[in-house]
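These notes concern the structure reproduced below.
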Amino acid sequence: MTENAGLPLLQPAAVSSNDAVSVVIPCYNEERFIRGALQQLVDQFDYERYEIIVVDGLSEDQTRTLIEQFRREHPELLVKLIDNPARNIPTALNLGITEARGGIIARMDAHAVPSSGYIRRCVEVLNETNAGVVGMPCRIRPGADTLIARAIAEAVSHPFGIGDAKYRLRKGESSQEAVDTVAFACFRKALWRELGGFNETLLTNEDYDFNYRVRLTGQKVILDRSGHCDYFARASLLGLAKQYFRYGGWKARMLRLHPGSIKCRHLVAPAFVASLVLLTIIGIFLSIPWWLLAFELGSYLLLSIIFGYQVARETGETRFMILIMPIVFFTIHVSWGASFFVGLIGNPGRKRDY
């Protein structure tokens with residue numbers, strides 16, 4: 001864990017650590033997004049009680065240069081750059097939080113752009129409610145200006161695509177509620193220390209695991225809808241498939257650690273994939289399974305087209321969105337569902353991009 005030698009250190013202001021906020025951003029090869037993410041964080045809190053810590057996995061593009069430029073342009077703001085040779089997110093979070101001077105941690109992301117006042121509001125709710133973790137909804141944005149990228153962004157924020165993960169859904173029951181998890185959240189460093197930090201054996205689902213352990217202590221995870229965080233989704237079907245294959249495998253790995261954390265939405269995609277495989281195998285010997293398989297796939301396609309039509313109407317997209325959405329939904333569900341079984345029986349793999 002080293003400070004970038006090319007970046008001069010700023011002296012922290014003389015304030016109580018309990019009153020200070022440290023933003024921690026895991027990062028690797030994020031030259032497309034890192035500057036926008038940093039710029040949106042500039043005025044999120046009082047400078048004398050605020051710092052930004054970027055934990056970089058030794059980026060090989062222009063990410064580190066852009067961070068250095070940002071620091072020079074904002075001498076009033078304490079910005080640290082820490083190396084993360086492990087190149088995974090839970091290790092990055094633990095490294096950054098260890099170095100944080102603030103008593104409150106704001107876990108952000110290089111792909112995420114918080115709305116104005118996001119962090120200040122999360123801190124307010126954290127203090128007002130005595131919650132363990134506070135976050136806001138993710139507003140999913142396309143990773144590129146293409147029809148397929150826009151379809152992916154819609155699918156990963158749609159109930160048919162990702163279930164009832166409330167922090168990703170666009171509509172909620174109330175302006176503030178207790179949920180099972182949030183993505184980019186504020187919590188106290190003392191709580192992180194009490195829980196033993198983020199689980200570095202989980203290369204994905206580290207947030208869900210952390211929030212589950214928070215809830216086990218009796219503290220709430222609060223979703224406040226007074227703001228949002230823009231998150232840029234994958235731009236291609238291949239990128240989406242890789243992402244959700246990773247998600248499903250590591251979700252299964254996490255559920256092996258915490259069986260009590262399982263939700264219905266975690267089982268839908270694996271059940272769908274299992275049914276396709278089993279009906280196909282049994283269909284070799286009997287004819288009825290082929291009819292069941294045809295009914296299942298036909299029903300799935302019909303629902304996908306209906307939801308695709310709704311998305312096309314709401315967004316004003318072309319009729320091609322109706323044809324693309326079923327493909328995107330299928331990619332999500334099959335990738336996630338198939339990898340879930342991989343994670344149940346073995347290691348879902350060490351490779352993890354940011």
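To be explicit about the labels: the chains of the structure tokens are called A, B, and onward in the order shown, and within each one the residues are counted from 1, while ligands get numbers from 1 in the order they are shown.
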
Set the distance at 10 Å and use only C-alpha atoms: which residues neighbour Ser22 (chain A) once local chain neighbours fewer than 3 positions away are removed? I'd like the list as a list of chain:residue names.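 Everything that qualifies: A:Ser17, A:Ile25, A:Phe45, A:Arg49, A:Tyr50, A:Glu51, A:Ile52, A:Ile53, A:Leu78, A:Val79, A:Gly96, A:Ile97, A:Glu99, A:Ala100, A:Arg101, A:Gly102, A:Gly103, A:Ile104, A:Ile105, A:Ala106, A:Arg107, A:Cys186, A:Lys189.
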
Tell me, as a count of residues only, which residues lie within 8 Å of Arg319 (chain A), counting only C-alpha atoms; anything in the same chain fewer than 4 positions away does not count. 3

Just the residues within 7 Å of region 128-141 of chain A, please, counting only C-alpha atoms, with nothing from its chain fewer than 3 positions along; format it as a list in words. Cys122, Glu124, Val125, Ala153, Ser157, Tyr167, Arg168, Val182, Ala183, Phe184, Ala185, Cys186, Phe187, Val214, Gln219, Lys220, Val221, Ile222, Leu223, Asp224, Arg225, Gly227, His228, Cys229, Asp230, Tyr231, Phe232 and Ala233 of chain A

Counting only C-alpha atoms, which residues of region 180-280 of chain A fall within 9 Å of region 88-95 of chain A, and what is the closest atom pair for each with its distance in Å at one decimal, ordered by chain and rising number, as a tab-separated table?
```
residue	atom	partner	partner_atom	distance
A:Trp192	CA	A:Asn94	CA	9.0
A:Gly197	CA	A:Asn94	CA	6.2
A:Phe198	CA	A:Pro90	CA	5.6
A:Asn199	CA	A:Pro90	CA	6.4
A:Glu200	CA	A:Pro90	CA	5.1
A:Thr201	CA	A:Pro90	CA	8.1
A:Leu202	CA	A:Pro90	CA	7.3
A:Leu203	CA	A:Asn88	CA	6.4
A:Thr204	CA	A:Ile89	CA	7.8
A:Glu206	CA	A:Pro90	CA	6.3
A:Asp207	CA	A:Pro90	CA	8.5
```

So that I have them on file, write out the residues from the current selection with C-alpha atoms, as a PDB file, in the first residue's frame.
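File written: out.pdb
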```pdb
ATOM      1  CA  TRP A 192     -16.304  -1.499   9.300  1.00  0.00           C
ATOM      2  CA  GLY A 197     -13.849  -5.140   7.010  1.00  0.00           C
ATOM      3  CA  PHE A 198     -14.934  -6.357   3.600  1.00  0.00           C
ATOM      4  CA  ASN A 199     -14.524 -10.059   2.874  1.00  0.00           C
ATOM      5  CA  GLU A 200     -11.543 -10.264   0.519  1.00  0.00           C
ATOM      6  CA  THR A 201     -12.385 -13.826  -0.502  1.00  0.00           C
ATOM      7  CA  LEU A 202     -15.509 -12.520  -2.302  1.00  0.00           C
ATOM      8  CA  LEU A 203     -14.430 -10.833  -5.518  1.00  0.00           C
ATOM      9  CA  THR A 204     -18.043  -9.853  -6.224  1.00  0.00           C
ATOM     10  CA  GLU A 206     -18.705  -7.839  -1.273  1.00  0.00           C
ATOM     11  CA  ASP A 207     -21.268  -5.057  -0.727  1.00  0.00           C
TER      12      ASP A 207
END
```

Option closest in space to Phe33 (chain A), from A:Leu240, A:Asp83, A:Val113, A:Arg265 [counting only C-alpha atoms]: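 Using only C-alpha atoms, Phe33 (chain A) sits closest to A:Val113.
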
Can you list, as a VMD selection string, all residues belonging to region 61-256 of chain A that DSSP tags as strand (DSSP E)? chain A and resid 78 to 83 104 to 107 112 to 114 133 to 135 138 to 141 176 to 179 185 to 188 221 to 224 229 to 232

Quick one: pull the distance between CA of Phe320 (chain A) and CA of Val273 (chain A), Å, one decimal.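 Between CA of Phe320 (chain A) and CA of Val273 (chain A) the gap is 26.1 Å.
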
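Residue nearest Trp336 (chain A), chosen from A:Ala252, A:Ile67, A:Ala155, A:Leu216 and counting only C-alpha atoms: A:Ala252.
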
CA of Pro159 (chain A) to CA of Leu344 (chain A), straight-line distance in Å: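 For CA of Leu344 (chain A) relative to CA of Pro159 (chain A), the distance reads 24.5 Å.
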
So, with only C-alpha atoms as the atoms that count, which of A:Ser226, A:Cys27, A:Tyr118, A:Thr98 lies closest to Glu177 (chain A)?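 The shortest atom-to-atom distance to Glu177 (chain A) comes from A:Ser226.
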
Taking only C-alpha atoms into account, which of A:Leu279, A:Val179, A:Leu286, A:Leu301 comes nearest Ile324 (chain A)? A:Leu301

Find the residue from A:Ser339, A:Arg234, A:Tyr28, A:Arg35 that sits nearest to Glu60 (chain A); use only C-alpha atoms when measuring.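 Among A:Ser339, A:Arg234, A:Tyr28, A:Arg35, it is A:Tyr28 that comes nearest to Glu60 (chain A).
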
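When only C-alpha atoms are used to compute distances to Val268 (chain A), the closest of the residues A:Val24, A:Ala151, A:Ala294, A:Ile332 turns out to be A:Ile332.
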
Test item: residues at most 9 Å from Tyr47 (chain A), only C-alpha atoms, excluding those fewer than 4 positions along its chain, as a PyMOL selection string: chain A and resi 13+42-43+51+76-78

Within 10 Å of Met325 (chain A) using only C-alpha atoms, minus same-chain residues under 4 positions, as a VMD selection string: chain A and resid 148 150 to 152 154 to 155 161 301 304 to 309 311 to 312 320 to 321 329 to 331

For the residues in the current selection, export C-alpha atoms as a PDB file, in the first residue's frame.
```pdb
ATOM      1  CA  ILE A 148     -27.713  -2.334 -27.587  1.00  0.00           C
ATOM      2  CA  ARG A 150     -29.340   1.479 -24.099  1.00  0.00           C
ATOM      3  CA  ALA A 151     -31.206  -1.834 -24.052  1.00  0.00           C
ATOM      4  CA  ILE A 152     -28.708  -3.236 -21.536  1.00  0.00           C
ATOM      5  CA  GLU A 154     -32.904  -0.657 -19.355  1.00  0.00           C
ATOM      6  CA  ALA A 155     -32.730  -4.413 -18.711  1.00  0.00           C
ATOM      7  CA  GLY A 161     -34.147  -8.323 -15.560  1.00  0.00           C
ATOM      8  CA  LEU A 301     -40.292 -14.776 -25.046  1.00  0.00           C
ATOM      9  CA  SER A 304     -39.718 -10.312 -22.785  1.00  0.00           C
ATOM     10  CA  ILE A 305     -41.467  -8.795 -25.797  1.00  0.00           C
ATOM     11  CA  ILE A 306     -44.170  -7.219 -23.615  1.00  0.00           C
ATOM     12  CA  PHE A 307     -41.581  -5.635 -21.324  1.00  0.00           C
ATOM     13  CA  GLY A 308     -39.517  -4.603 -24.338  1.00  0.00           C
ATOM     14  CA  TYR A 309     -42.587  -2.893 -25.774  1.00  0.00           C
ATOM     15  CA  VAL A 311     -39.537   0.116 -22.449  1.00  0.00           C
ATOM     16  CA  ALA A 312     -39.744   1.252 -26.072  1.00  0.00           C
ATOM     17  CA  PHE A 320     -35.976  -2.566 -32.629  1.00  0.00           C
ATOM     18  CA  MET A 321     -35.813  -2.220 -28.835  1.00  0.00           C
ATOM     19  CA  PHE A 329     -32.879 -10.445 -20.725  1.00  0.00           C
ATOM     20  CA  PHE A 330     -31.899 -13.955 -21.844  1.00  0.00           C
ATOM     21  CA  THR A 331     -28.197 -13.072 -21.661  1.00  0.00           C
TER      22      THR A 331
END
```

Set the distance at 8 Å and use only C-alpha atoms: which residues neighbour Ala241 (chain A) once local chain neighbours fewer than 3 positions away are removed? I'd like the list as a VMD selection string. chain A and resid 237 to 238 244 to 245 331 to 332 335

With C-alpha atoms retained, could you export that selection as a short mmCIF file (atom, residue, chain, number, x, y, z; two decimals), in the first residue's frame?
```cif
data_model
loop_
_atom_site.label_atom_id
_atom_site.label_comp_id
_atom_site.auth_asym_id
_atom_site.auth_seq_id
_atom_site.Cartn_x
_atom_site.Cartn_y
_atom_site.Cartn_z
CA LEU A 237 -23.70 -8.31 -24.86
CA LEU A 238 -20.31 -9.98 -24.35
CA TYR A 244 -23.40 -11.53 -14.91
CA PHE A 245 -21.51 -14.80 -15.14
CA THR A 331 -28.20 -13.07 -21.66
CA ILE A 332 -28.59 -11.82 -18.08
CA SER A 335 -25.24 -16.10 -17.59
#
```

Assign secondary structure with DSSP using the backbone only, and return the residues of region 62-130 of chain A in helix (DSSP H, G or I) as a VMD selection string. chain A and resid 63 to 73 89 to 99 118 to 129

Just write the chosen residues, C-alpha atoms, as a PDB file, in the first residue's frame.
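Output below, filename part-v6.pdb:
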```pdb
ATOM      1  CA  THR A  63      -6.096   6.839 -15.181  1.00  0.00           C
ATOM      2  CA  ARG A  64      -3.262   7.822 -12.841  1.00  0.00           C
ATOM      3  CA  THR A  65      -2.282  10.782 -15.009  1.00  0.00           C
ATOM      4  CA  LEU A  66      -5.855  12.047 -14.936  1.00  0.00           C
ATOM      5  CA  ILE A  67      -5.970  11.717 -11.143  1.00  0.00           C
ATOM      6  CA  GLU A  68      -2.737  13.701 -10.856  1.00  0.00           C
ATOM      7  CA  GLN A  69      -4.150  16.419 -13.114  1.00  0.00           C
ATOM      8  CA  PHE A  70      -7.291  16.542 -10.985  1.00  0.00           C
ATOM      9  CA  ARG A  71      -5.233  16.979  -7.830  1.00  0.00           C
ATOM     10  CA  ARG A  72      -3.293  19.881  -9.301  1.00  0.00           C
ATOM     11  CA  GLU A  73      -6.528  21.554 -10.358  1.00  0.00           C
ATOM     12  CA  ILE A  89     -12.499  -4.435  -5.076  1.00  0.00           C
ATOM     13  CA  PRO A  90     -12.800  -5.758  -1.492  1.00  0.00           C
ATOM     14  CA  THR A  91      -9.038  -5.465  -1.004  1.00  0.00           C
ATOM     15  CA  ALA A  92      -9.148  -1.951  -2.485  1.00  0.00           C
ATOM     16  CA  LEU A  93     -11.907  -0.961  -0.062  1.00  0.00           C
ATOM     17  CA  ASN A  94     -10.040  -2.313   2.947  1.00  0.00           C
ATOM     18  CA  LEU A  95      -6.817  -0.589   1.909  1.00  0.00           C
ATOM     19  CA  GLY A  96      -8.571   2.722   1.377  1.00  0.00           C
ATOM     20  CA  ILE A  97     -10.594   2.606   4.593  1.00  0.00           C
ATOM     21  CA  THR A  98      -7.489   1.692   6.585  1.00  0.00           C
ATOM     22  CA  GLU A  99      -5.824   4.888   5.330  1.00  0.00           C
ATOM     23  CA  TYR A 118     -25.453  12.816  -2.386  1.00  0.00           C
ATOM     24  CA  ILE A 119     -22.787  12.349   0.279  1.00  0.00           C
ATOM     25  CA  ARG A 120     -23.948  15.199   2.519  1.00  0.00           C
ATOM     26  CA  ARG A 121     -27.476  13.781   2.512  1.00  0.00           C
ATOM     27  CA  CYS A 122     -26.269  10.225   3.230  1.00  0.00           C
ATOM     28  CA  VAL A 123     -24.296  11.550   6.206  1.00  0.00           C
ATOM     29  CA  GLU A 124     -27.373  13.430   7.448  1.00  0.00           C
ATOM     30  CA  VAL A 125     -29.532  10.297   7.259  1.00  0.00           C
ATOM     31  CA  LEU A 126     -26.781   8.260   8.907  1.00  0.00           C
ATOM     32  CA  ASN A 127     -26.781  10.685  11.852  1.00  0.00           C
ATOM     33  CA  GLU A 128     -30.553  11.182  12.010  1.00  0.00           C
ATOM     34  CA  THR A 129     -31.596   7.538  11.883  1.00  0.00           C
TER      35      THR A 129
END
```
